[in-house]
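A.B. asks: Quick one: this structure, given as structure tokens, is what I'll be asking you about.
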Amino acid sequence: MYKIVHDKDEMTIRFDKDLVDGETLSRFLSHINLQSMLKKTAATDATGRVRARNRLAGLPTGIDLLRDPTLNKGSAFTLEEREALGLTGLLPPRVHTIKEQSQRVLENLRKRSTDIERYGTLIALQDRNKTLFYRVLLDNIEELMPIVYTPTVGQACLEFGHIFRRPRGIYITARDQGRVAELLGNWPFNDIRVIVITDGERILGLGDLGADGMGIPVGKLALYSVCAGIHPSLSLPVTLDMGTDNVRLLNDPLYIGLQHPRLRGQVYDEMIEEFVLAVQQVFPGAMIQFEDFANRNAFRLLQRYRDQVCCFNDDIQGTASVTVAGMLSALRITGGNLKEQRFLFLGAGEAGLGTGNLMVAALVEEGLSVEEACQCCWYFDSKGLVVKERTDLTGHKLLYAHDHPPVGDFLAAIEALRPQAIIGVSGQPKRFTPEILATMARINERPIVFSLSNPTSKAECTAEEAYTWTEGRAIFASGSPFDPVTTHGKKLFPAQGNNVYIFPGVGMGVMASGAVRVTDEMFLTAARIVASEVTDDDLQLGRVYPALPRIREVSLAVAVAVAEVAYANGLAGKPKPDDLVEHIRSLMFEPDYQPYI
Ligand code: NAD
């Protein structure tokens with residue numbers, strides 16, 4: 001992979017640039033730099049000289065090192081490192097292991113009385129010591145996922161201006177037209193592989209939160225690192241602030257964004273275009289994830305850019321993939337055949353239509369025509385059942401406007417269509433009423449009920465409601481997590497249809513293969529892989545997704561499959577390594593301290 005040529009003080013290292021990514025290279029070089037500097041000065045006891053040399057190499061020492069969250073190890077610096085790096089006296093004397101530090105963090109987290117306080121504690125840790133932050137998250141993913149992501153991140157976004165301490169990511173505003181590349185250039189790292197951008201208009205199911213939506217890209221990128229091992233320095237959260245139509249925020253003196261209504265139309269499109277082009281210029285090859293854009297822009301932007309640059313929309317494609325994965329697992333319980341299912345969606349937005357479109361792709365792979373496949377997916381939106389007779393339908397909804405008399409009531413739609421599965425993606429709480437659930441249980445031996453709206457307060461029904469009103473027979477999945485439920489003599493573990501099963505692995509597969517596009521085939525492949533990772537034991541427990549602690553394994557499998565799709569379709573920008581699995585595994589960031597000596 002590399003060749004080292006030594007000549008007195010000169011050292012040349014030749015890398016095969018196709019096999020070594022920029023991050024690995026720069027970490028390796030920093031390490032070599034530090035090692036050789038420390039060796040050179042080992043004969044002298046002049047800490048000052050080490051410091052001077054480190055400064056020359058651009059590496060911090062002393063208090064600056066403790067304040068660098070990427071390099072800081074806190075009390076885990078060894079005594080030798082403390083001596084060499086000017087830290088002696090700046091830390092309490094006892095050296096702790098990362099395990100002991102994690103224990104301290106967990107103890108503190110568990111003492112907090114609210115989840116939003118836990119969120120604040122974790123974010124403060126991310127600011128101090130990134131390695132420890134990721135270690136704690138990875139080792140306690142089930143406990144902490146609801147804190148760094150839905151539902152707590154939703155609460156954090158609602159209160160963002162009030163709990164704001166340190167900026168994270170890049171804020172691009174309507175004021176910055178013409179200089180977006182300059183702003184991206186201000187980011188301290190120049191090798192960026194994944195960008196998550198939101199304009200804050202549809203944050204989870206909470207609506208327009210403007211610039212306060214930044215919690216979402218930050219949270220999603222933390223999950224890329226935790227779940228798929230994409231090194232944190234390779235990712236960049238971005239908020240595009242075009243204003244907000246949220247009156248509460250416009251009147252809030254602590255709101256952090258621009259205080260005017262949203263700018264739309266041409267100026268909005270020009271800003272997006274400038275951003276996409278600036279990414280190609282400043283961070284060529286970076287994958288762009290569009291996140292929490294309102295329906296009116298989400299499909300349009302995806303359509304505009306999906307064949308031009310490396311990008312995807314997680315609310316449409318990631319959700320589709322994870323929902324299809326859950327359905328494939330559910331069919332292992334019901335014994336049903338995908339082609340014979342009727343899916344009834346409550347909500348026909350990004351999540352619902354995205355899922356329908358991917359389901360159609362899955363059904364076409366099973367031999368149906370597109371028209372036949374569309375007949376399996378039915379939608380009920382805010383105006384009733386989506387049927388041909390309606391004159392208000394546009395876009396993807398038209399594909400699913402079937403020949404059927406109009407129905408204005410969801411329960412009546414269930415009675416009429418007798419679906420095997422209902423999927424809640426409406427952002428409207430409590431829409432799966434006891435009557436609806438009982439009806440599903442009357443029609444189906446094992447009714448499939450996915451209540452995907454986030455955060456928890458928006459769920460169409462809770463796990464307990466789903467199990468109670470179906471006599472414990474529901475195959476249930478939700479968008480936000482629910483605790484296990486004991487019902488009808490059985491303890492059931494409701495699955496969370498969390499997009500983290502998909503997007504981190506997709507991102508890693510794209511990064512590893514250097515894929516230039518993100519395709520629907522990749523998302524369908526990812527869905528099949530996630531479903532195949534669900535064990536019979538998971539299904540026994542009522543879980544249609546793999547257990548979260550296995551997320552690294554699952555993401556690795558997804559990444560490998562996605563990279564294979566890129567290679568098979570001529571979309572890969574890097575040569576295929578002999579052992580793809582090992583290659584991707586070697587790229588995965590492990591949150592462990594590197595020895596500095
Ligand atoms: P969206 O705004 O694009 O779509 C919402 C849809 O709900 C629209 O079609 C709207 O007409 C419909 N709707 C509104 N009120 C309704 C009502 N009373 N009855 C029936 N339909 C109604 O939003 P989206 O991106 O599709 O997201 C919807 C929800 O799904 C959100 O709460 C979001 O958090 C959740 N979601 C969950 C996951 C996941 O769990 N993996 C992923 C993505 C989105």
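FYI, nothing fancy with the structure tokens labels: chains A, B, ... in order, residues from 1 per chain, ligands from 1 as they appear.
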Could you give me, as CSV, every segment 309-381 of chain A residue with an atom at most 12 Å from segment 296-303 of chain A, plus its closest atom pair and distance in Å to one decimal, counting only C-alpha atoms, rows ordered by chain then number?
C.D. replies:
```
residue,atom,partner,partner_atom,distance
A:Val309,CA,A:Leu302,CA,10.2
A:Cys310,CA,A:Leu302,CA,10.7
A:Cys311,CA,A:Leu302,CA,7.8
A:Phe312,CA,A:Leu302,CA,6.6
A:Asn313,CA,A:Leu302,CA,6.5
A:Asp314,CA,A:Ala298,CA,9.8
A:Asp315,CA,A:Ala298,CA,8.4
A:Ile316,CA,A:Phe299,CA,7.9
A:Gln317,CA,A:Leu302,CA,9.8
A:Gly349,CA,A:Phe299,CA,9.5
A:Glu350,CA,A:Phe299,CA,7.3
A:Ala351,CA,A:Ala298,CA,10.6
A:Leu353,CA,A:Phe299,CA,9.9
A:Gly354,CA,A:Phe299,CA,9.1
```
A.B. asks: Compile a residue-level contact table for segment 200-228 of chain A against segment 280-290 of chain A at a cut-off of 12 Å, reporting for every qualifying residue the shortest atom pair and its distance in Å to one decimal, with only C-alpha atoms counted, rows ordered by chain and ascending number, as a tab-separated table.
C.D. replies:
```
residue	atom	partner	partner_atom	distance
A:Gly200	CA	A:Phe290	CA	10.7
A:Glu201	CA	A:Phe290	CA	11.8
A:Arg202	CA	A:Phe290	CA	11.6
A:Ile216	CA	A:Phe290	CA	11.1
A:Pro217	CA	A:Gln289	CA	9.1
A:Lys220	CA	A:Gln289	CA	9.9
A:Leu221	CA	A:Gln289	CA	10.1
A:Tyr224	CA	A:Gln289	CA	11.5
```
A.B. asks: Can you pull out every residue within 8 Å of Val136 of chain A, counting only C-alpha atoms, but drop anything in the same chain fewer than 3 positions away, and send it as a PyMOL selection string?
C.D. replies: chain A and resi 102+105-106+132-133+139-140
A.B. asks: Deliver the residues from the most recent selection as a file, using N, CA and C atoms, as a PDB file, in the first residue's frame.
C.D. replies:
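File part19.pdb, as written:
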```pdb
ATOM      1  N   SER A 102     -15.734   5.968  30.232  1.00  0.00           N
ATOM      2  CA  SER A 102     -17.106   5.701  29.755  1.00  0.00           C
ATOM      3  C   SER A 102     -18.047   5.496  30.936  1.00  0.00           C
ATOM      4  N   VAL A 105     -19.016   8.770  32.327  1.00  0.00           N
ATOM      5  CA  VAL A 105     -19.998   9.459  31.472  1.00  0.00           C
ATOM      6  C   VAL A 105     -21.392   8.872  31.690  1.00  0.00           C
ATOM      7  N   LEU A 106     -21.445   7.526  31.683  1.00  0.00           N
ATOM      8  CA  LEU A 106     -22.754   6.877  31.834  1.00  0.00           C
ATOM      9  C   LEU A 106     -23.385   7.206  33.184  1.00  0.00           C
ATOM     10  N   LEU A 132     -14.111   9.585  23.034  1.00  0.00           N
ATOM     11  CA  LEU A 132     -14.907   9.062  24.145  1.00  0.00           C
ATOM     12  C   LEU A 132     -16.404   9.137  23.821  1.00  0.00           C
ATOM     13  N   PHE A 133     -16.821  10.240  23.190  1.00  0.00           N
ATOM     14  CA  PHE A 133     -18.221  10.403  22.790  1.00  0.00           C
ATOM     15  C   PHE A 133     -18.666   9.209  21.935  1.00  0.00           C
ATOM     16  N   ASP A 139     -20.953   1.698  22.432  1.00  0.00           N
ATOM     17  CA  ASP A 139     -21.104   0.624  23.417  1.00  0.00           C
ATOM     18  C   ASP A 139     -22.475   0.624  24.094  1.00  0.00           C
ATOM     19  N   ASN A 140     -23.220   1.708  23.933  1.00  0.00           N
ATOM     20  CA  ASN A 140     -24.517   1.791  24.641  1.00  0.00           C
ATOM     21  C   ASN A 140     -25.596   2.272  23.679  1.00  0.00           C
TER      22      ASN A 140
END
```
A.B. asks: DSSP on the backbone: what in segment 294-493 of chain A comes out strand (DSSP E or B), as an NGL selection string?
C.D. replies: :A and (311-313 or 343-346 or 377-381 or 384-385 or 387 or 402 or 421-424 or 448-451 or 475-478 or 485-487 or 490-492)
A.B. asks: From the set A:Gly207, A:Gly497, A:Gly86, A:Pro447, which residue has the shortest atom-to-atom contact distance to Asp64 of chain A, counting only C-alpha atoms?
C.D. replies: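 Checking each candidate against Asp64 of chain A, we get A:Gly86 as the closest.
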A.B. asks: With only C-alpha atoms and all ligand atoms counted, collect every polymer residue having an atom within 7 Å of ligand 1; state the result as a PyMOL selection string.
C.D. replies: chain A and resi 204-205+294-295+315-316+319+322+346-352+380-382+384+425-428+452-455+458+478-480+497-499
A.B. asks: Write out as a CSV table (one decimal) with C-alpha atoms, in the first residue's frame the set of residues from segment 379-483 of chain A that DSSP, computed on the backbone, places in helix (DSSP H, G or I).
C.D. replies:
```csv
chain,number,residue,atom,x,y,z
A,395,GLY,CA,-46.8,13.9,-9.0
A,396,HIS,CA,-46.1,10.4,-7.7
A,397,LYS,CA,-49.6,10.2,-6.2
A,398,LEU,CA,-51.0,9.8,-9.7
A,399,LEU,CA,-49.2,6.4,-10.0
A,400,TYR,CA,-51.3,5.1,-7.1
A,410,PHE,CA,-59.6,5.4,7.1
A,411,LEU,CA,-61.5,2.7,8.8
A,412,ALA,CA,-63.9,2.4,5.9
A,413,ALA,CA,-60.9,2.2,3.6
A,414,ILE,CA,-59.5,-0.7,5.6
A,415,GLU,CA,-62.9,-2.5,5.5
A,416,ALA,CA,-63.0,-1.9,1.7
A,417,LEU,CA,-59.5,-2.9,0.8
A,434,PRO,CA,-58.4,0.9,18.8
A,435,GLU,CA,-61.2,0.3,16.3
A,436,ILE,CA,-58.8,0.4,13.4
A,437,LEU,CA,-56.4,-1.9,15.1
A,438,ALA,CA,-59.1,-4.3,16.1
A,439,THR,CA,-60.4,-4.3,12.5
A,440,MET,CA,-56.9,-5.1,11.2
A,441,ALA,CA,-56.8,-8.0,13.7
A,442,ARG,CA,-60.2,-9.3,12.5
A,443,ILE,CA,-59.1,-9.3,8.9
A,456,THR,CA,-43.1,9.6,19.7
A,457,SER,CA,-45.7,12.3,20.2
A,458,LYS,CA,-46.7,12.0,16.5
A,463,ALA,CA,-46.6,-0.3,20.7
A,464,GLU,CA,-48.8,-1.0,23.6
A,465,GLU,CA,-51.9,0.1,21.8
A,466,ALA,CA,-51.0,-2.0,18.7
A,467,TYR,CA,-50.5,-5.1,20.8
A,468,THR,CA,-53.5,-4.6,23.1
```
A.B. asks: Looking at A:Leu122, A:Ala330, A:Val554, A:Leu250, which one is nearest to Leu209 of chain A, with distances taken over only C-alpha atoms?
C.D. replies: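 Counting only C-alpha atoms, the residue closest to Leu209 of chain A is A:Leu250.
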A.B. asks: Give me the residues near Val364 of chain A as a VMD selection string, where near means some atom within 12 Å (using only C-alpha atoms) and where sequence neighbours in that chain fewer than 3 positions away do not count.
C.D. replies: chain A and resid 338 to 339 357 to 361 367 to 376 524
A.B. asks: Looking at A:Ile192, A:Met214, A:Ala84, A:Leu571, which one is nearest to Gly154 of chain A, with distances taken over only C-alpha atoms?
C.D. replies: A:Met214
A.B. asks: Can you tell me how far atom CA of Asp307 of chain A sits from atom CA of Asp392 of chain A, in Å to one decimal?
C.D. replies: 28.9 Å
A.B. asks: Near Gln341 of chain A, within 9 Å and counting only C-alpha atoms, which residues show up once chain neighbours fewer than 2 positions away are dropped, as an NGL selection string?
C.D. replies: :A and (336-339 or 343 or 376-377 or 419-421)
A.B. asks: Would you output that residue set with N, CA, C and O atoms, as a CSV table (one decimal), in the first residue's frame?
C.D. replies:
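Now in out-v6.csv:
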```
chain,number,residue,atom,x,y,z
A,336,GLY,N,-46.5,-14.8,4.1
A,336,GLY,CA,-47.1,-14.2,2.9
A,336,GLY,C,-46.1,-14.0,1.8
A,336,GLY,O,-44.9,-14.0,2.0
A,337,ASN,N,-46.6,-13.8,0.6
A,337,ASN,CA,-45.8,-13.6,-0.6
A,337,ASN,C,-45.9,-12.1,-0.9
A,337,ASN,O,-47.1,-11.6,-0.9
A,338,LEU,N,-44.8,-11.5,-1.2
A,338,LEU,CA,-44.8,-10.0,-1.4
A,338,LEU,C,-45.9,-9.6,-2.5
A,338,LEU,O,-46.6,-8.6,-2.3
A,339,LYS,N,-46.0,-10.5,-3.5
A,339,LYS,CA,-46.9,-10.1,-4.6
A,339,LYS,C,-48.3,-10.1,-4.2
A,339,LYS,O,-49.2,-9.6,-4.9
A,343,PHE,N,-50.7,-3.1,0.7
A,343,PHE,CA,-50.2,-2.1,1.7
A,343,PHE,C,-51.1,-0.9,1.6
A,343,PHE,O,-51.3,-0.3,0.6
A,376,CYS,N,-50.6,-3.0,-5.6
A,376,CYS,CA,-50.3,-3.5,-4.2
A,376,CYS,C,-50.3,-2.3,-3.2
A,376,CYS,O,-50.3,-2.6,-2.0
A,377,CYS,N,-50.1,-1.1,-3.7
A,377,CYS,CA,-49.9,0.0,-2.8
A,377,CYS,C,-51.0,1.0,-2.9
A,377,CYS,O,-51.3,1.5,-4.0
A,419,PRO,N,-56.4,-4.6,3.8
A,419,PRO,CA,-55.0,-4.7,3.6
A,419,PRO,C,-54.3,-5.7,4.6
A,419,PRO,O,-54.9,-5.8,5.7
A,420,GLN,N,-53.2,-6.2,4.2
A,420,GLN,CA,-52.4,-7.0,5.2
A,420,GLN,C,-51.6,-6.1,6.1
A,420,GLN,O,-51.2,-6.5,7.2
A,421,ALA,N,-51.3,-4.9,5.6
A,421,ALA,CA,-50.4,-4.0,6.4
A,421,ALA,C,-50.9,-2.6,6.3
A,421,ALA,O,-51.4,-2.1,5.2
```
A.B. asks: Please compute the atom CA of Ile116 of chain A-atom CA of Thr152 of chain A distance, one decimal, in Å.
C.D. replies: 6.3 Å
A.B. asks: Which one of A:Asp578, A:Glu83, A:Glu143, A:Glu159 sits closest to Arg110 of chain A if you count only C-alpha atoms?
C.D. replies: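 The answer is A:Glu143, which sits nearest to Arg110 of chain A.
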A.B. asks: One decimal, in Å: what's the spacing between atom CA of Thr462 of chain A and atom CA of Gly120 of chain A?
C.D. replies: 26.7 Å
A.B. asks: Counting only C-alpha atoms, which residue out of A:Asp115, A:Asp245, A:Glu521, A:Glu81 sits closest to Val562 of chain A?
C.D. replies: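 Once distances to Val562 of chain A are computed over only C-alpha atoms, the minimum belongs to A:Glu521.
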A.B. asks: Using only C-alpha atoms, which residue out of A:Leu344, A:Ile172, A:Ala566, A:Ile256 lies closest to Glu274 of chain A?
C.D. replies: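 Comparing A:Leu344, A:Ile172, A:Ala566, A:Ile256 against Glu274 of chain A, the winner is A:Ile172.
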